[in-house]
$ cat my_file.txt   # compact mmCIF, C-alpha atoms
# COMPACT_ATOMS: atom_id res chain seq x y z
CA MET N 1 37.27 121.19 49.81
CA GLN N 2 39.28 124.31 50.36
CA ARG N 3 37.01 125.14 53.23
CA GLN N 4 37.73 121.75 54.69
CA VAL N 5 41.45 122.46 54.51
CA ALA N 6 40.94 125.77 56.25
CA LEU N 7 38.88 124.11 58.96
CA ILE N 8 41.49 121.47 59.62
CA LYS N 9 44.17 124.08 59.92
CA GLN N 10 42.04 126.15 62.24
CA SER N 11 41.41 123.18 64.47
CA LEU N 12 45.13 122.39 64.60
CA LEU N 13 45.71 125.96 65.69
CA ASP N 14 42.85 125.97 68.17
CA GLN N 15 43.97 122.74 69.75
CA GLY N 16 47.48 124.08 70.11
CA TYR N 17 49.23 121.64 67.83
CA LEU N 18 50.39 124.52 65.70
CA ASP N 19 51.02 128.16 66.47
CA GLU N 20 51.45 131.46 64.65
CA GLN N 21 54.76 130.40 63.18
CA PHE N 22 53.02 127.88 60.96
CA MET N 23 50.87 130.66 59.56
CA GLU N 24 53.97 132.75 58.99
CA LEU N 25 55.43 129.93 56.93
CA GLU N 26 52.28 129.61 54.86
CA GLU N 27 52.56 133.30 54.08
CA LEU N 28 55.83 132.46 52.35
CA GLN N 29 54.17 130.25 49.80
CA ASP N 30 53.26 131.42 46.34
CA ASP N 31 52.49 129.97 42.96
CA ALA N 32 56.15 129.27 42.32
CA ASN N 33 56.60 127.66 45.73
CA PRO N 34 53.22 126.18 46.57
CA ASN N 35 54.54 123.37 48.74
CA PHE N 36 57.06 125.24 50.80
CA VAL N 37 55.49 124.43 54.16
CA GLU N 38 55.15 120.78 53.30
CA GLU N 39 58.81 120.74 52.32
CA VAL N 40 59.77 122.32 55.60
CA ALA N 41 57.58 119.84 57.46
CA THR N 42 59.19 116.93 55.64
CA LEU N 43 62.62 118.21 56.62
CA TYR N 44 61.44 118.70 60.17
CA PHE N 45 60.09 115.19 60.56
CA LYS N 46 63.19 113.67 59.04
CA ASP N 47 65.40 115.69 61.34
CA SER N 48 63.32 115.12 64.43
CA ALA N 49 63.16 111.37 63.77
CA ARG N 50 66.92 111.37 63.89
CA LEU N 51 66.95 113.32 67.13
CA ILE N 52 64.33 111.05 68.69
CA ASN N 53 66.43 108.07 67.74
CA ASN N 54 69.54 109.60 69.28
CA ILE N 55 67.71 110.45 72.46
CA ASP N 56 66.12 107.00 72.64
CA GLN N 57 69.52 105.39 72.38
CA ALA N 58 71.00 107.71 74.94
CA LEU N 59 68.18 106.99 77.38
CA GLU N 60 68.32 103.25 76.79
CA ARG N 61 71.96 103.22 77.72
CA GLY N 62 70.82 104.05 81.21
CA SER N 63 73.57 106.48 82.03
CA PHE N 64 72.03 109.92 81.80
CA ASP N 65 74.32 112.37 80.12
CA PHE N 66 72.12 115.36 80.83
CA ASN N 67 74.35 117.72 78.90
CA ARG N 68 74.13 115.67 75.76
CA LEU N 69 70.40 115.15 76.18
CA ASP N 70 69.90 118.85 76.71
CA ASN N 71 71.90 119.52 73.59
CA TYR N 72 69.72 117.21 71.50
CA MET N 73 66.64 118.79 72.95
CA HIS N 74 67.89 122.29 72.20
CA GLN N 75 68.07 121.29 68.55
CA PHE N 76 64.68 119.65 68.71
CA LYS N 77 63.11 122.65 70.34
CA GLY N 78 64.72 124.92 67.79
CA SER N 79 63.31 123.20 64.77
CA SER N 80 59.94 122.66 66.44
CA THR N 81 59.78 126.38 67.08
CA SER N 82 60.66 127.14 63.49
CA ILE N 83 57.80 125.11 62.13
CA GLY N 84 55.29 126.16 64.78
CA ALA N 85 54.96 122.75 66.42
CA SER N 86 53.61 124.17 69.62
CA LYS N 87 52.87 121.10 71.75
CA VAL N 88 56.12 119.42 70.79
CA LYS N 89 57.96 122.60 71.69
CA THR N 90 56.35 122.63 75.13
CA GLU N 91 57.47 119.06 75.79
CA CYS N 92 60.99 119.97 74.69
CA THR N 93 61.06 122.82 77.18
CA MET N 94 59.91 120.53 79.97
CA PHE N 95 62.44 117.91 79.07
CA ARG N 96 65.21 120.48 79.23
CA GLU N 97 64.08 121.58 82.64
CA TYR N 98 64.27 118.01 83.85
CA CYS N 99 67.74 117.74 82.35
CA ARG N 100 68.87 120.81 84.22
CA ALA N 101 67.41 119.41 87.41
CA GLY N 102 69.12 116.10 86.73
CA ASN N 103 65.77 114.40 86.97
CA ALA N 104 66.04 111.18 84.99
CA GLU N 105 62.52 110.01 85.65
CA GLY N 106 61.10 113.34 84.58
CA CYS N 107 63.09 113.10 81.38
CA LEU N 108 61.78 109.64 80.58
CA ARG N 109 58.21 110.61 81.30
CA THR N 110 58.36 113.79 79.27
CA PHE N 111 60.09 112.11 76.40
CA LYS N 112 57.32 109.55 76.16
CA GLN N 113 54.80 112.35 75.97
CA LEU N 114 56.91 114.21 73.47
CA LYS N 115 57.02 111.23 71.14
CA LYS N 116 53.29 110.95 71.38
CA GLU N 117 52.74 114.59 70.50
CA HIS N 118 55.23 114.34 67.70
CA ALA N 119 53.53 111.29 66.19
CA THR N 120 50.12 112.91 66.46
CA LEU N 121 51.32 116.08 64.79
CA ARG N 122 52.94 114.11 62.04
CA LYS N 123 49.73 112.25 61.27
CA LYS N 124 47.62 115.38 61.36
CA LEU N 125 49.97 117.31 59.14
CA GLU N 126 50.17 114.48 56.66
CA GLN N 127 46.39 114.57 56.41
CA TYR N 128 46.41 118.32 56.14
CA PHE N 129 48.98 118.46 53.37
CA GLN N 130 47.33 115.70 51.42
CA LEU N 131 44.02 117.53 51.50
CA ALA N 132 45.66 120.85 50.75
CA ARG N 133 47.26 119.44 47.65
CA GLN N 134 44.00 117.97 46.48
CA ALA N 135 42.25 121.24 47.12
CA GLY N 136 44.73 123.10 44.96
CA PRO N 137 47.20 125.87 45.66
CA LYS N 138 44.69 128.67 46.24
CA GLU N 139 44.01 127.87 49.85
CA THR N 140 47.57 127.68 51.13
CA ALA N 141 49.22 130.20 48.85
CA ARG N 142 48.22 133.36 50.63
CA ARG N 143 51.07 135.63 49.80
CA PRO N 144 49.89 138.28 47.35
CA LYS N 145 51.93 138.61 44.17
CA MET W 1 75.71 123.61 50.99
CA THR W 2 73.83 125.74 48.56
CA VAL W 3 76.32 127.80 46.64
CA GLY W 4 75.27 131.15 45.28
CA ASP W 5 76.04 132.18 41.74
CA LEU W 6 79.58 133.46 42.02
CA SER W 7 79.95 133.97 38.31
CA SER W 8 77.36 136.73 38.13
CA SER W 9 78.71 140.24 37.77
CA PRO W 10 79.70 141.32 41.26
CA SER W 11 78.89 144.99 41.44
CA SER W 12 76.38 145.63 38.69
CA SER W 13 73.33 144.38 40.53
CA ARG W 14 72.05 146.02 43.66
CA GLU W 15 70.85 142.65 44.81
CA LEU W 16 72.14 141.79 48.24
CA HIS W 17 74.11 138.62 48.59
CA VAL W 18 73.54 137.09 51.96
CA LEU W 19 75.49 134.29 53.56
CA ALA W 20 73.29 132.42 56.02
CA VAL W 21 74.90 130.12 58.56
CA ASP W 22 72.85 127.65 60.60
CA ASP W 23 73.33 124.05 61.65
CA SER W 24 69.60 123.32 61.54
CA PHE W 25 68.21 122.01 58.25
CA VAL W 26 64.82 123.45 58.99
CA ASP W 27 66.12 126.89 59.91
CA ARG W 28 68.37 127.03 56.87
CA LYS W 29 65.44 126.31 54.63
CA VAL W 30 63.30 128.93 56.29
CA ILE W 31 65.91 131.70 56.34
CA GLU W 32 66.75 130.96 52.73
CA ARG W 33 63.12 131.35 51.75
CA LEU W 34 62.74 134.54 53.77
CA LEU W 35 65.78 136.03 52.08
CA ARG W 36 64.78 134.91 48.59
CA ILE W 37 61.35 136.43 49.00
CA SER W 38 63.13 139.62 50.01
CA ALA W 39 64.96 139.51 46.67
CA CYS W 40 68.33 138.56 48.06
CA LYS W 41 70.80 136.12 46.65
CA VAL W 42 71.37 133.51 49.29
CA THR W 43 74.17 131.12 50.09
CA THR W 44 73.55 128.80 53.01
CA VAL W 45 76.14 126.84 54.93
CA GLU W 46 75.71 124.53 57.87
CA SER W 47 78.55 125.61 60.12
CA GLY W 48 80.91 128.39 61.08
CA THR W 49 83.78 126.38 59.69
CA ARG W 50 82.08 126.08 56.32
CA ALA W 51 81.34 129.79 56.40
CA LEU W 52 85.02 130.56 56.91
CA GLN W 53 85.90 128.21 54.09
CA TYR W 54 83.40 129.92 51.83
CA LEU W 55 84.81 133.32 52.68
CA GLY W 56 88.35 132.12 52.25
CA LEU W 57 89.14 132.85 55.88
CA ASP W 58 90.03 129.32 56.85
CA GLY W 59 93.74 129.96 56.88
CA ASP W 60 94.29 129.09 53.26
CA LYS W 61 96.08 132.12 51.86
CA GLY W 62 94.88 131.46 48.36
CA SER W 63 92.22 134.14 48.24
CA SER W 64 92.74 135.06 44.61
CA THR W 65 89.77 133.01 43.49
CA LEU W 66 87.62 134.86 45.96
CA LYS W 67 88.54 138.32 44.75
CA ASP W 68 85.12 138.80 43.25
CA LEU W 69 83.22 137.31 46.13
CA LYS W 70 80.74 139.88 47.24
CA VAL W 71 78.87 139.24 50.43
CA ASN W 72 76.71 142.09 51.67
CA LEU W 73 75.40 140.52 54.83
CA ILE W 74 76.11 137.53 57.00
CA VAL W 75 73.36 136.09 59.12
CA THR W 76 74.42 133.42 61.55
CA ASP W 77 72.90 131.29 64.26
CA TYR W 78 74.55 131.69 67.64
CA SER W 79 74.46 128.14 69.00
CA MET W 80 76.22 125.87 66.60
CA PRO W 81 78.49 122.92 67.23
CA GLY W 82 82.16 123.65 66.57
CA LEU W 83 82.47 127.35 65.87
CA THR W 84 79.69 129.31 67.54
CA GLY W 85 78.11 132.31 65.84
CA TYR W 86 80.01 134.53 68.22
CA GLU W 87 83.34 132.95 67.31
CA LEU W 88 82.48 133.25 63.64
CA LEU W 89 81.62 136.90 64.17
CA LYS W 90 85.02 137.48 65.77
CA LYS W 91 86.87 135.84 62.92
CA ILE W 92 84.98 137.90 60.36
CA LYS W 93 85.66 141.14 62.21
CA GLU W 94 89.34 140.20 62.47
CA SER W 95 89.62 139.77 58.73
CA SER W 96 90.53 142.67 56.52
CA ALA W 97 88.45 141.35 53.66
CA PHE W 98 85.13 141.02 55.45
CA ARG W 99 85.21 143.12 58.58
CA GLU W 100 82.99 145.74 56.95
CA VAL W 101 80.33 143.20 56.17
CA PRO W 102 77.43 143.46 58.60
CA VAL W 103 76.94 140.34 60.68
CA VAL W 104 73.62 139.62 62.30
CA ILE W 105 73.28 136.96 64.98
CA MET W 106 70.17 134.81 65.36
CA SER W 107 69.25 132.90 68.44
CA SER W 108 66.27 131.12 69.88
CA GLU W 109 67.28 132.33 73.32
CA ASN W 110 66.87 135.88 74.53
CA ILE W 111 69.95 136.12 76.73
CA GLN W 112 70.99 139.72 77.33
CA PRO W 113 74.65 139.08 78.17
CA ARG W 114 74.92 137.05 74.98
CA ILE W 115 73.37 139.85 72.93
CA GLN W 116 75.69 142.39 74.54
CA GLN W 117 78.69 140.22 73.91
CA CYS W 118 77.84 140.01 70.21
CA MET W 119 77.08 143.69 69.83
CA THR W 120 80.34 144.56 71.56
CA GLU W 121 82.19 142.34 69.17
CA GLY W 122 80.71 144.24 66.27
CA ALA W 123 77.50 142.50 65.32
CA GLU W 124 75.10 144.78 63.50
CA GLY W 125 72.11 143.21 65.03
CA PHE W 126 70.49 140.36 66.84
CA LEU W 127 67.36 138.53 65.81
CA LEU W 128 65.32 136.29 68.04
CA LYS W 129 64.13 133.10 66.37
CA PRO W 130 61.80 132.27 64.81
CA VAL W 131 62.81 134.93 62.34
CA LYS W 132 59.89 136.51 60.55
CA LEU W 133 59.55 137.99 57.11
CA ALA W 134 59.09 141.45 58.61
CA ASP W 135 62.47 141.11 60.34
CA VAL W 136 64.22 140.20 57.14
CA LYS W 137 62.55 142.97 55.17
CA ARG W 138 63.58 145.55 57.72
CA LEU W 139 67.07 144.13 57.88
CA LYS W 140 67.41 144.34 54.13
CA GLU W 141 66.18 147.91 54.07
CA LEU W 142 68.74 148.95 56.62
CA ILE W 143 71.60 147.17 54.90
CA MET W 144 70.68 148.66 51.53
CA ARG W 145 70.50 152.14 52.98
CA SER W 146 73.86 151.87 54.65
CA GLY W 147 75.35 150.44 51.49
CA GLU W 148 74.38 153.45 49.43
CA PRO W 149 77.49 155.12 48.08
CA GLU W 150 79.24 158.02 49.81
CA ASP W 151 76.38 159.72 51.50
CA GLU W 152 78.05 161.87 54.11
CA THR W 153 74.84 162.62 55.94
CA LYS W 154 74.52 159.00 56.88
CA HIS W 155 77.61 159.03 59.05
CA SER W 156 76.25 161.80 61.15
CA CYS W 157 73.54 159.58 62.56
CA PRO W 158 75.01 156.21 63.37
CA LYS W 159 72.36 153.66 63.93
CA ARG W 160 72.17 150.01 64.79
CA ILE W 161 69.87 147.09 64.48
CA LEU W 162 68.77 145.77 67.79
CA GLN W 163 65.96 143.78 69.20
CA ASP W 164 63.55 146.45 70.30
CA ASP W 165 62.34 145.97 73.87
CA THR W 166 59.43 148.30 73.42
CA ASP W 167 58.01 146.42 70.52
CA SER W 168 55.52 143.73 71.30
CA SER W 169 56.80 141.27 68.73
CA THR W 170 59.58 139.02 69.84
CA SER W 171 61.98 139.60 67.03
CA THR W 172 62.21 143.14 65.79
CA LEU W 173 64.69 145.60 64.47
CA SER W 174 64.76 149.21 65.45
CA SER W 175 65.42 151.66 62.67
CA SER W 176 69.12 151.75 63.26
CA LEU W 177 72.22 150.46 61.63
CA ASP W 178 75.69 151.14 62.87
CA VAL W 179 77.79 152.56 60.08
CA SER W 180 80.48 153.90 62.38
CA SER W 181 82.84 151.15 61.36
CA LEU W 182 83.16 152.72 57.96
CA ASP W 183 85.27 155.55 59.24
CA ASP W 184 86.33 154.51 62.67
CA ASP W 185 89.30 152.55 63.89
CA THR W 186 87.68 151.68 67.15
CA PRO W 187 84.26 150.40 66.24
CA SER W 188 83.63 148.76 69.59
CA SER W 189 83.98 151.93 71.57
CA LYS W 190 81.60 153.71 69.26
CA ARG W 191 79.11 150.91 69.60
CA MET W 192 79.40 150.98 73.33
CA LYS W 193 78.37 154.60 73.19
CA LEU W 194 75.24 153.60 71.36
CA GLU W 195 74.16 151.21 74.09
CA PRO W 196 71.57 153.57 75.61
CA ARG W 197 69.80 153.77 72.27
CA ALA W 198 68.90 150.14 72.56
CA HIS W 199 66.21 151.09 75.00
CA ASP W 200 64.53 153.75 72.88
$ encode --input "my_file.txt" --output "structure tokens"
Amino acid sequence: MQRQVALIKQSLLDQGYLDEQFMELEELQDDANPNFVEEVATLYFKDSARLINNIDQALERGSFDFNRLDNYMHQFKGSSTSIGASKVKTECTMFREYCRAGNAEGCLRTFKQLKKEHATLRKKLEQYFQLARQAGPKETARRPK
Amino acid sequence: MTVGDLSSSPSSSRELHVLAVDDSFVDRKVIERLLRISACKVTTVESGTRALQYLGLDGDKGSSTLKDLKVNLIVTDYSMPGLTGYELLKKIKESSAFREVPVVIMSSENIQPRIQQCMTEGAEGFLLKPVKLADVKRLKELIMRSGEPEDETKHSCPKRILQDDTDSSTSTLSSSLDVSSLDDDTPSSKRMKLEPRAHD
């Protein structure tokens, strides 16, 4: 089962859903803090849900306050970077570029894609963490004592 | 706000007490973990304003309760709503109580003028996010070395923490820490002199 966990993680990395930063976070786990990455991920998804909601509302209003949108996206990109959410981060970057260009359509299009990536990552990570917990702490706790 | 243990004996332990300031939940959690792993006591706050409150620098003259507050390092995000990291840095350096405390700025954006601005204002270093364990370990080493009591030889080689351009990793510290502020009334001019060293 532990091998399965490792394989899932590797595929998430290979497919670009996650990057090095995720591995860095796993290195911070130990027996006393075996679920650190899952805790961070939980925080991330809670926080990003809030941001997505804010952005959705802002976009629905129709009037594009690019500064405000860019500000939300800066936060979103920041936390996505911190957890290693690579594809989401890329969409954030693109969204910000559209904001700076004042391109409303580009923003809408990118945001749709971003939400998709975000939802996919969430599902995959939920699966991953569930399996990891079943497999036991040995696989994810890599930091030597 | 996670409050550190203020009741513990202030000077007996060599454990560093770090105040970490960041408006992002995720980043606060990560930096806290990085610092704890590096055997630091950590207090996290979510804004510059809260940081000033914690340090007793928010204009309230009643600092008697904070007499024993020992903060060895302040690590702050640059882009925060309200008080930015830069503005927080300025306020800390303006205070008599905490101007000697090293302040390190973190940012997800590698903007040279921003870095320069912070270094000129007296920041000890600049870290590019995402901050890694290696960064924190190096940072701690440097702070602990500079904090060692009355070692005259240290002052002869002022150093500073800076993102190292020659290093391949995105967020690194060179082996330098500016201790010139310990015996200098014009820290900024001294730090300006060190500028060329940033490109070692």
$ atom_distance --input "my_file.txt" --atom1 "CA of Arg36 (chain W)" --atom2 "CA of Lys70 (chain W)"
16.8 Å
$ interface_residues --input "my_file.txt" --of "chain W" --to "chain N" --cutoff "8 Å" --atoms "all atoms listed in the file" --output "ChimeraX atom specification"
/W:24-27,29-30,33-34,37,108,129-130,132-133
$ residues_around --input "my_file.txt" --residues "region 90-103 of chain W" --least-positions-apart "5" --cutoff "6 Å" --atoms "all atoms listed in the file" --output "list of chain:residue names"
W:Asn72, W:Leu73, W:Ile74, W:Val75, W:Ala123, W:Glu124
$ atom_distance --input "my_file.txt" --atom1 "CA of Tyr54 (chain W)" --atom2 "CA of Pro81 (chain W)"
17.6 Å
$ atom_distance --input "my_file.txt" --atom1 "CA of Ile31 (chain W)" --atom2 "CA of Arg114 (chain W)"
21.4 Å
